[in-house]
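With mmCIF, C-alpha atoms and all ligand atoms inside, this is input-v2.cif:
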```cif
data_query
#
loop_
_atom_site.label_atom_id
_atom_site.label_comp_id
_atom_site.auth_asym_id
_atom_site.auth_seq_id
_atom_site.Cartn_x
_atom_site.Cartn_y
_atom_site.Cartn_z
CA MET A 1 62.60 -138.56 104.55
CA ARG A 2 65.09 -137.24 101.99
CA LYS A 3 65.96 -140.85 101.05
CA VAL A 4 62.24 -141.67 100.54
CA ILE A 5 61.76 -138.68 98.24
CA LEU A 6 64.88 -139.55 96.21
CA ALA A 7 63.80 -143.19 95.97
CA THR A 8 60.31 -142.17 94.82
CA LEU A 9 61.65 -139.80 92.19
CA GLY A 10 64.13 -142.46 91.07
CA ALA A 11 61.31 -144.99 90.66
CA LEU A 12 59.21 -142.48 88.72
CA LEU A 13 62.05 -141.58 86.39
CA MET A 14 62.84 -145.26 85.88
CA SER A 15 59.19 -145.85 84.96
CA GLY A 16 59.48 -143.08 82.32
CA GLY A 17 56.63 -141.12 83.91
CA SER A 18 57.38 -137.68 85.39
CA ALA A 19 55.87 -136.87 88.78
CA PRO A 20 53.41 -134.25 87.34
CA ALA A 21 52.19 -136.67 84.65
CA GLN A 22 51.60 -139.46 87.12
CA ASN A 23 49.07 -137.32 88.99
CA TYR A 24 47.72 -135.53 85.93
CA PRO A 25 45.12 -134.14 85.93
CA SER A 26 44.79 -133.30 89.59
CA HIS A 27 42.49 -130.26 89.02
CA PRO A 28 40.22 -128.87 86.24
CA ILE A 29 41.72 -128.05 82.84
CA THR A 30 41.10 -124.78 80.95
CA LEU A 31 40.04 -125.21 77.32
CA VAL A 32 40.53 -121.87 75.53
CA VAL A 33 38.00 -121.23 72.75
CA PRO A 34 39.29 -118.35 70.60
CA PHE A 35 35.81 -117.30 69.38
CA SER A 36 32.50 -116.19 70.92
CA ALA A 37 30.31 -118.53 72.91
CA GLY A 38 27.58 -120.19 70.85
CA GLY A 39 29.63 -120.51 67.67
CA PRO A 40 30.86 -123.71 66.00
CA THR A 41 34.25 -123.81 67.73
CA ASP A 42 32.57 -123.20 71.09
CA ALA A 43 29.97 -125.90 70.38
CA MET A 44 32.67 -128.43 69.47
CA ALA A 45 34.65 -127.51 72.60
CA ARG A 46 31.65 -128.06 74.86
CA ILE A 47 30.79 -131.42 73.31
CA MET A 48 34.42 -132.55 73.65
CA ALA A 49 34.75 -131.19 77.21
CA ASP A 50 31.66 -133.11 78.25
CA GLY A 51 32.93 -136.26 76.56
CA MET A 52 36.49 -136.06 77.96
CA LYS A 53 35.77 -135.40 81.63
CA THR A 54 34.96 -139.05 82.45
CA ALA A 55 38.27 -140.39 81.12
CA LEU A 56 40.25 -137.53 82.69
CA GLY A 57 38.39 -137.49 86.01
CA GLN A 58 38.47 -133.69 85.86
CA SER A 59 36.33 -131.03 84.16
CA LEU A 60 37.48 -129.02 81.17
CA LEU A 61 36.43 -125.41 81.83
CA ILE A 62 35.66 -123.42 78.67
CA GLU A 63 37.21 -119.96 78.46
CA ASN A 64 36.20 -117.83 75.44
CA VAL A 65 39.14 -115.54 74.65
CA THR A 66 38.16 -113.71 71.44
CA GLY A 67 39.53 -111.25 68.92
CA ALA A 68 41.84 -110.94 65.90
CA GLY A 69 40.54 -113.99 64.05
CA GLY A 70 41.19 -116.25 67.04
CA SER A 71 44.86 -115.27 67.48
CA ILE A 72 44.25 -113.59 70.87
CA GLY A 73 42.99 -116.82 72.39
CA VAL A 74 45.60 -118.99 70.72
CA GLY A 75 48.32 -116.62 71.95
CA ARG A 76 47.01 -117.05 75.49
CA VAL A 77 47.71 -120.78 75.24
CA ALA A 78 51.11 -120.29 73.58
CA ARG A 79 52.20 -118.37 76.69
CA ALA A 80 50.64 -120.77 79.21
CA ALA A 81 52.63 -123.18 81.37
CA PRO A 82 53.32 -126.47 79.51
CA ASP A 83 51.62 -128.52 82.24
CA GLY A 84 48.53 -129.82 80.43
CA TYR A 85 46.14 -127.46 82.27
CA THR A 86 45.70 -125.01 79.38
CA VAL A 87 44.50 -126.45 76.07
CA SER A 88 43.81 -124.70 72.75
CA ILE A 89 40.98 -125.69 70.44
CA GLY A 90 41.33 -124.30 66.95
CA HIS A 91 41.22 -125.05 63.28
CA LEU A 92 42.39 -124.22 59.76
CA GLY A 93 41.80 -120.54 60.48
CA THR A 94 43.48 -120.17 63.86
CA HIS A 95 46.30 -122.69 63.43
CA VAL A 96 47.08 -122.12 59.73
CA ALA A 97 45.59 -118.92 58.23
CA ASN A 98 46.41 -116.64 61.18
CA GLY A 99 50.10 -117.24 60.49
CA ALA A 100 49.77 -115.85 56.95
CA ILE A 101 47.74 -112.80 57.93
CA TYR A 102 49.04 -111.59 61.30
CA LYS A 103 52.51 -110.85 62.64
CA LEU A 104 51.98 -113.30 65.49
CA ASP A 105 54.06 -113.16 68.67
CA TYR A 106 54.09 -116.97 68.67
CA ASP A 107 54.85 -119.67 66.09
CA LEU A 108 51.80 -121.75 65.16
CA VAL A 109 53.91 -124.88 64.76
CA THR A 110 56.96 -124.65 67.04
CA ASP A 111 55.18 -123.11 70.05
CA PHE A 112 52.59 -125.91 70.29
CA GLU A 113 52.33 -129.67 70.66
CA PRO A 114 49.51 -131.21 68.59
CA VAL A 115 47.18 -133.36 70.68
CA VAL A 116 44.45 -134.74 68.41
CA LEU A 117 42.50 -134.10 65.19
CA LEU A 118 38.82 -133.40 65.87
CA PRO A 119 35.76 -133.69 63.54
CA SER A 120 35.59 -131.68 60.32
CA ASN A 121 32.83 -130.20 58.22
CA PRO A 122 32.47 -128.49 54.86
CA MET A 123 31.73 -124.78 54.63
CA ILE A 124 28.26 -123.73 53.52
CA PHE A 125 27.01 -120.75 51.50
CA VAL A 126 24.13 -119.15 53.39
CA SER A 127 22.25 -115.88 52.98
CA THR A 128 19.55 -113.91 54.69
CA ASN A 129 16.08 -114.82 53.37
CA ALA A 130 15.80 -111.32 51.87
CA VAL A 131 18.35 -112.15 49.16
CA PRO A 132 16.39 -112.70 45.89
CA ALA A 133 18.19 -115.92 44.92
CA LYS A 134 17.16 -119.55 45.41
CA THR A 135 20.12 -121.36 43.85
CA LEU A 136 23.89 -120.85 43.88
CA PRO A 137 23.95 -119.68 40.22
CA GLU A 138 21.23 -117.14 41.07
CA LEU A 139 23.21 -116.03 44.15
CA LEU A 140 26.38 -115.52 42.07
CA ALA A 141 24.39 -113.59 39.44
CA TRP A 142 22.84 -111.41 42.15
CA MET A 143 26.30 -110.73 43.62
CA LYS A 144 27.73 -109.76 40.22
CA ALA A 145 24.78 -107.47 39.42
CA ARG A 146 25.02 -105.47 42.64
CA PRO A 147 26.44 -101.94 42.61
CA SER A 148 28.53 -102.76 45.69
CA PRO A 149 29.97 -106.02 47.12
CA PRO A 150 27.57 -108.06 49.30
CA THR A 151 28.24 -107.91 53.04
CA ALA A 152 29.78 -111.20 54.25
CA GLY A 153 30.01 -111.92 57.97
CA THR A 154 33.22 -113.48 59.29
CA ALA A 155 34.79 -114.31 62.63
CA GLY A 156 37.57 -111.82 61.90
CA ALA A 157 40.55 -111.69 59.55
CA GLY A 158 42.15 -115.14 59.34
CA SER A 159 39.11 -116.99 60.65
CA ALA A 160 37.73 -119.97 58.75
CA SER A 161 34.77 -117.96 57.47
CA HIS A 162 37.18 -115.27 56.28
CA VAL A 163 39.49 -117.82 54.59
CA ALA A 164 36.44 -119.30 52.84
CA GLY A 165 35.45 -115.82 51.67
CA LEU A 166 38.93 -115.07 50.33
CA TYR A 167 38.97 -118.46 48.58
CA PHE A 168 35.56 -117.60 47.04
CA GLU A 169 36.90 -114.24 45.82
CA SER A 170 40.00 -115.86 44.33
CA VAL A 171 37.97 -118.53 42.47
CA THR A 172 35.04 -116.39 41.24
CA GLY A 173 36.53 -112.89 41.01
CA ILE A 174 33.46 -111.67 42.94
CA LYS A 175 34.40 -109.23 45.72
CA LEU A 176 32.85 -109.48 49.19
CA GLN A 177 32.54 -106.73 51.81
CA PHE A 178 33.80 -108.60 54.88
CA VAL A 179 32.13 -107.71 58.20
CA PRO A 180 34.23 -109.06 61.09
CA TYR A 181 32.74 -110.33 64.37
CA ARG A 182 34.28 -112.07 67.39
CA GLY A 183 32.81 -115.34 66.16
CA THR A 184 30.24 -116.65 63.71
CA ALA A 185 27.62 -116.79 66.46
CA PRO A 186 27.19 -112.97 66.48
CA ALA A 187 27.57 -113.00 62.68
CA MET A 188 24.70 -115.50 62.47
CA THR A 189 22.52 -113.29 64.70
CA ASP A 190 23.00 -110.42 62.24
CA LEU A 191 22.42 -112.68 59.22
CA VAL A 192 19.08 -113.89 60.62
CA ALA A 193 18.18 -110.25 61.35
CA GLY A 194 19.12 -109.23 57.79
CA GLN A 195 21.92 -106.88 58.96
CA ILE A 196 24.41 -108.69 56.71
CA GLU A 197 23.68 -110.60 53.50
CA VAL A 198 25.83 -113.76 53.39
CA ILE A 199 28.26 -115.94 55.34
CA VAL A 200 30.51 -118.69 54.00
CA ASP A 201 30.09 -120.47 57.28
CA GLN A 202 30.97 -123.75 58.95
CA THR A 203 28.07 -126.11 58.17
CA SER A 204 27.79 -126.93 61.88
CA ASN A 205 27.03 -123.28 62.66
CA SER A 206 24.36 -122.78 60.00
CA ILE A 207 22.65 -126.16 59.76
CA ASN A 208 20.03 -125.62 62.48
CA GLN A 209 19.13 -122.13 61.21
CA VAL A 210 18.72 -123.61 57.71
CA ARG A 211 16.49 -126.37 59.09
CA ALA A 212 14.42 -123.72 60.89
CA GLY A 213 14.08 -121.70 57.66
CA THR A 214 15.50 -118.51 59.20
CA ILE A 215 18.31 -118.38 56.59
CA ARG A 216 18.78 -119.90 53.13
CA ALA A 217 21.45 -122.45 52.15
CA TYR A 218 22.88 -122.78 48.63
CA ALA A 219 25.65 -125.39 48.70
CA VAL A 220 28.22 -127.15 50.85
CA THR A 221 31.89 -127.07 49.83
CA ALA A 222 32.27 -130.87 49.66
CA GLU A 223 32.26 -133.65 47.08
CA LYS A 224 29.37 -135.39 48.87
CA ARG A 225 26.24 -133.99 50.48
CA VAL A 226 26.12 -133.80 54.28
CA GLU A 227 24.28 -136.97 55.43
CA THR A 228 22.13 -135.10 57.96
CA ALA A 229 21.35 -132.28 55.47
CA PRO A 230 20.66 -134.23 52.24
CA ASP A 231 18.67 -131.40 50.63
CA ILE A 232 21.65 -129.05 50.38
CA PRO A 233 23.56 -129.57 47.10
CA THR A 234 27.33 -129.70 46.85
CA THR A 235 29.24 -126.92 45.09
CA ASP A 236 30.00 -129.45 42.32
CA GLU A 237 26.25 -129.97 41.77
CA ALA A 238 25.41 -126.28 42.21
CA GLY A 239 27.68 -124.86 39.52
CA LEU A 240 30.87 -124.05 41.43
CA PRO A 241 32.81 -127.25 40.65
CA GLU A 242 35.98 -128.05 42.60
CA PHE A 243 35.18 -125.34 45.18
CA HIS A 244 35.99 -127.69 48.08
CA MET A 245 37.03 -126.73 51.60
CA SER A 246 36.98 -129.05 54.59
CA LEU A 247 37.22 -127.18 57.90
CA TRP A 248 39.08 -129.46 60.30
CA SER A 249 39.62 -128.68 64.01
CA GLY A 250 42.10 -129.89 66.59
CA LEU A 251 43.47 -129.61 70.11
CA TRP A 252 46.93 -128.28 70.96
CA VAL A 253 48.94 -127.63 74.14
CA PRO A 254 51.98 -125.41 74.70
CA LYS A 255 55.34 -126.66 73.46
CA GLY A 256 57.18 -128.60 76.14
CA THR A 257 54.09 -130.26 77.62
CA PRO A 258 55.28 -133.75 78.75
CA LYS A 259 54.55 -136.47 76.19
CA ASP A 260 52.61 -138.61 78.68
CA ILE A 261 50.32 -135.67 79.45
CA VAL A 262 49.74 -135.17 75.72
CA ALA A 263 49.03 -138.93 75.52
CA LYS A 264 46.45 -138.73 78.34
CA LEU A 265 44.64 -135.84 76.64
CA ASN A 266 44.77 -137.65 73.29
CA ALA A 267 43.36 -140.87 74.80
CA ALA A 268 40.52 -138.98 76.54
CA ALA A 269 39.61 -137.17 73.29
CA VAL A 270 39.66 -140.42 71.30
CA ASP A 271 37.47 -142.06 73.96
CA ALA A 272 35.03 -139.14 73.69
CA MET A 273 34.91 -139.39 69.89
CA ASN A 274 34.19 -143.13 70.17
CA ASP A 275 31.18 -142.46 72.42
CA PRO A 276 27.96 -142.98 70.38
CA VAL A 277 26.25 -140.03 72.15
CA VAL A 278 29.11 -137.69 71.24
CA ARG A 279 29.23 -139.01 67.66
CA LYS A 280 25.48 -138.40 67.26
CA LYS A 281 25.82 -134.80 68.46
CA PHE A 282 28.57 -134.15 65.91
CA GLU A 283 26.76 -135.92 63.06
CA ASN A 284 23.59 -133.92 63.72
CA LEU A 285 25.69 -130.78 63.22
CA GLY A 286 27.00 -132.07 59.88
CA LEU A 287 30.43 -132.91 61.29
CA GLN A 288 32.40 -135.96 60.12
CA MET A 289 34.57 -137.88 62.60
CA PRO A 290 38.33 -137.95 61.90
CA PRO A 291 39.61 -141.15 60.21
CA LYS A 292 40.77 -143.78 62.74
CA ASP A 293 44.30 -143.73 61.27
CA GLN A 294 44.53 -139.94 61.85
CA LEU A 295 44.05 -139.92 65.64
CA ALA A 296 47.69 -139.86 66.81
CA PRO A 297 49.04 -136.39 67.76
CA GLU A 298 51.54 -136.59 64.90
CA ALA A 299 48.67 -136.81 62.37
CA LEU A 300 47.37 -133.38 63.44
CA GLY A 301 50.89 -131.98 63.27
CA ALA A 302 51.40 -133.32 59.74
CA LEU A 303 48.00 -132.01 58.59
CA GLN A 304 48.70 -128.54 59.99
CA LYS A 305 52.00 -128.35 58.12
CA SER A 306 50.49 -129.56 54.82
CA GLU A 307 47.63 -127.06 55.16
CA ILE A 308 50.10 -124.22 55.72
CA THR A 309 51.77 -125.20 52.43
CA LYS A 310 48.37 -125.37 50.72
CA TRP A 311 46.71 -122.16 51.96
CA TRP A 312 49.44 -119.63 52.67
CA PRO A 313 50.15 -118.69 49.00
CA MET A 314 46.48 -117.69 48.37
CA LEU A 315 46.22 -115.94 51.73
CA LYS A 316 49.41 -113.95 51.26
CA ALA A 317 48.37 -113.05 47.70
CA ALA A 318 45.10 -111.68 49.14
CA ASN A 319 47.26 -109.10 50.90
CA VAL A 320 44.71 -108.71 53.73
CA LYS A 321 44.86 -105.22 55.28
CA MET A 322 44.21 -105.24 59.02
CA GLU A 323 41.29 -102.97 59.94
C1 LIG B 401 35.44 -119.32 62.08
O1 LIG B 401 34.76 -118.75 61.21
O2 LIG B 401 36.67 -119.32 62.15
C2 LIG B 401 34.72 -120.03 63.17
O3 LIG B 401 33.67 -120.74 62.63
C3 LIG B 401 34.26 -118.98 64.14
C4 LIG B 401 33.61 -119.53 65.36
O4 LIG B 401 33.86 -120.70 65.73
O5 LIG B 401 32.84 -118.76 65.95
#
```
Write out the structure in this file as structure tokens.
Amino acid sequence: MRKVILATLGALLMSGGSAPAQNYPSHPITLVVPFSAGGPTDAMARIMADGMKTALGQSLLIENVTGAGGSIGVGRVARAAPDGYTVSIGHLGTHVANGAIYKLDYDLVTDFEPVVLLPSNPMIFVSTNAVPAKTLPELLAWMKARPSPPTAGTAGAGSASHVAGLYFESVTGIKLQFVPYRGTAPAMTDLVAGQIEVIVDQTSNSINQVRAGTIRAYAVTAEKRVETAPDIPTTDEAGLPEFHMSLWSGLWVPKGTPKDIVAKLNAAAVDAMNDPVVRKKFENLGLQMPPKDQLAPEALGALQKSEITKWWPMLKAANVKME
């Protein structure tokens, strides 16, 4: 028996595949969403989980682990076993901005392996219908004329909606009163109810509320209008030229996860993003698919590093005080 086991292991090692990877995945995978259920990160996770399960032959179980701008959930994955059974979904906020705002007990780059770049979308300026402005110039004028800063919902310090708000403050000089939530789903609930006044949100989170008329949109932070929301002007058209921000997302696994497991997850995600049903779901939410030449794990890793270089100076200059 001992000889059989040694021979099998020898064959596996010769074939370059480790024993765990050969059988991977042999049970469901946990996909940790670092924000509340019902928000844009959660929605993307569920669409991807549904699309990936066929190729993987196992389900991806969504686990919402919220708090601290997404860093609680990301930290959970940083400390997980590097076996491919715990995956992190995140974005510019969680895997770039968090590192400039929090003293993290993990390193956003060296404690993770990038798996794949996911769809991206511009941010969108939205307000409650009670705000007496119909255009972006009118919104900015209203903000400037107020005795106190307008309340702006975010998914917590270091989240994408918070980064977009800080970027807005740095470009316009207009202060916002940030109101942190565990995700932009609860923030959206309060915006629709008129409990807060604005969100600089992911388009994918606001687009259906805008279509339903329960909130008002002013502009998207992109050079081109969102194809499935052609009535919403760009910031260039609406009087805030060059205010561009593309919110990209991605999948990561803990550092040390075997390369062939990373490759299996990458292949399943690429398969999902090539599925016309999945693509339609994303496009309806205003999300653009990643370029075909940016689908290798290394492309996500390179983007993350370049975005750290781009965003950290502004974020550190903002000198965000933790509540
Ligand atoms: C963010 O603002 O970082 C995300 O959009 C929050 C979320 O996905 O709920």
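Restricting the atom set to only C-alpha atoms and all ligand atoms, one finds that the residues within 6 Å of ligand LIG 401 (chain B) amount to Phe35, Ser36, Gly39, Pro40, Thr41, Gly93, Thr154, Ala155, Ser159, Ala160, Ser161, Gly183, Thr184, Ala185 and Gln202 of chain A.
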Those residues you just picked out, can you put them in a file as a PDB file, in the frame of the given file with C-alpha atoms?
```
ATOM      1  CA  PHE A  35      35.810-117.300  69.380  1.00  0.00           C
ATOM      2  CA  SER A  36      32.500-116.190  70.920  1.00  0.00           C
ATOM      3  CA  GLY A  39      29.630-120.510  67.670  1.00  0.00           C
ATOM      4  CA  PRO A  40      30.860-123.710  66.000  1.00  0.00           C
ATOM      5  CA  THR A  41      34.250-123.810  67.730  1.00  0.00           C
ATOM      6  CA  GLY A  93      41.800-120.540  60.480  1.00  0.00           C
ATOM      7  CA  THR A 154      33.220-113.480  59.290  1.00  0.00           C
ATOM      8  CA  ALA A 155      34.790-114.310  62.630  1.00  0.00           C
ATOM      9  CA  SER A 159      39.110-116.990  60.650  1.00  0.00           C
ATOM     10  CA  ALA A 160      37.730-119.970  58.750  1.00  0.00           C
ATOM     11  CA  SER A 161      34.770-117.960  57.470  1.00  0.00           C
ATOM     12  CA  GLY A 183      32.810-115.340  66.160  1.00  0.00           C
ATOM     13  CA  THR A 184      30.240-116.650  63.710  1.00  0.00           C
ATOM     14  CA  ALA A 185      27.620-116.790  66.460  1.00  0.00           C
ATOM     15  CA  GLN A 202      30.970-123.750  58.950  1.00  0.00           C
TER      16      GLN A 202
END
```
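For the atom pair formed by atom CA of Val65 of chain A and atom CA of Trp252 of chain A, the distance is 15.4 Å, given to one decimal.
Take atom CA of Ser249 of chain A and atom CA of Asn23 of chain A: the distance between them is 28.1 Å.
Shortest atom-to-atom contact with Gly99 of chain A among A:Val126, A:Ile196, A:Ala21, A:Ala68: A:Ala68, counting all atoms listed in the file.
As for atom CA of Val192 of chain A and atom CA of Lys281 of chain A, they are spaced 23.3 Å apart.
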Worksheet item: Near Trp248 of chain A, counting all atoms listed in the file, which residues have an atom at most 9 Å away, once you skip same-chain residues fewer than 2 positions from it, shown as a PyMOL selection string?
Response: chain A and resi 90-92+117-122+246+250+290
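Remark: for Gln209 of chain A, the closest of the candidate residues A:Leu136, A:Met143, A:Ala157, A:Ala193 is A:Ala193 (distances computed over only C-alpha atoms).
Closest approach to Leu295 of chain A among A:Met245, A:Met123, A:Leu191, A:Val115: A:Val115, based on all atoms listed in the file.
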Item to complete: Please determine the residues with any atom at most 9 Å from (31.7, -125.1, 43.7) (coordinates as given in the file, with all atoms listed in the file counting) and report them as a list in words.
Response: Leu136, Ala219, Val220, Thr221, Ala222, Thr234, Thr235, Asp236, Glu237, Ala238, Gly239, Leu240, Pro241, Glu242, Phe243 and His244 of chain A
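Using all atoms listed in the file, the shortest contact distance between Pro233 of chain A and any of A:Ile124, A:Met289, A:Val32, A:Ile199 is found at A:Ile124.
For the set A:Val270, A:Ala37, A:Ala45, A:Leu251, the residue with the smallest atom-to-atom gap to Thr66 of chain A is A:Ala37, counting all atoms listed in the file.
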Polymer residues at most 12 Å from (18.7, -134.5, 56.0) by only C-alpha atoms, as an mmCIF file with C-alpha atoms, keeping the file's coordinate frame:
```cif
data_model
loop_
_atom_site.group_PDB
_atom_site.id
_atom_site.type_symbol
_atom_site.label_atom_id
_atom_site.label_comp_id
_atom_site.auth_asym_id
_atom_site.auth_seq_id
_atom_site.Cartn_x
_atom_site.Cartn_y
_atom_site.Cartn_z
ATOM 1 C CA ILE A 207 22.650 -126.160 59.760
ATOM 2 C CA ASN A 208 20.030 -125.620 62.480
ATOM 3 C CA VAL A 210 18.720 -123.610 57.710
ATOM 4 C CA ARG A 211 16.490 -126.370 59.090
ATOM 5 C CA ARG A 225 26.240 -133.990 50.480
ATOM 6 C CA VAL A 226 26.120 -133.800 54.280
ATOM 7 C CA GLU A 227 24.280 -136.970 55.430
ATOM 8 C CA THR A 228 22.130 -135.100 57.960
ATOM 9 C CA ALA A 229 21.350 -132.280 55.470
ATOM 10 C CA PRO A 230 20.660 -134.230 52.240
ATOM 11 C CA ASP A 231 18.670 -131.400 50.630
ATOM 12 C CA ILE A 232 21.650 -129.050 50.380
ATOM 13 C CA PRO A 233 23.560 -129.570 47.100
ATOM 14 C CA GLU A 283 26.760 -135.920 63.060
ATOM 15 C CA ASN A 284 23.590 -133.920 63.720
ATOM 16 C CA LEU A 285 25.690 -130.780 63.220
ATOM 17 C CA GLY A 286 27.000 -132.070 59.880
#
```
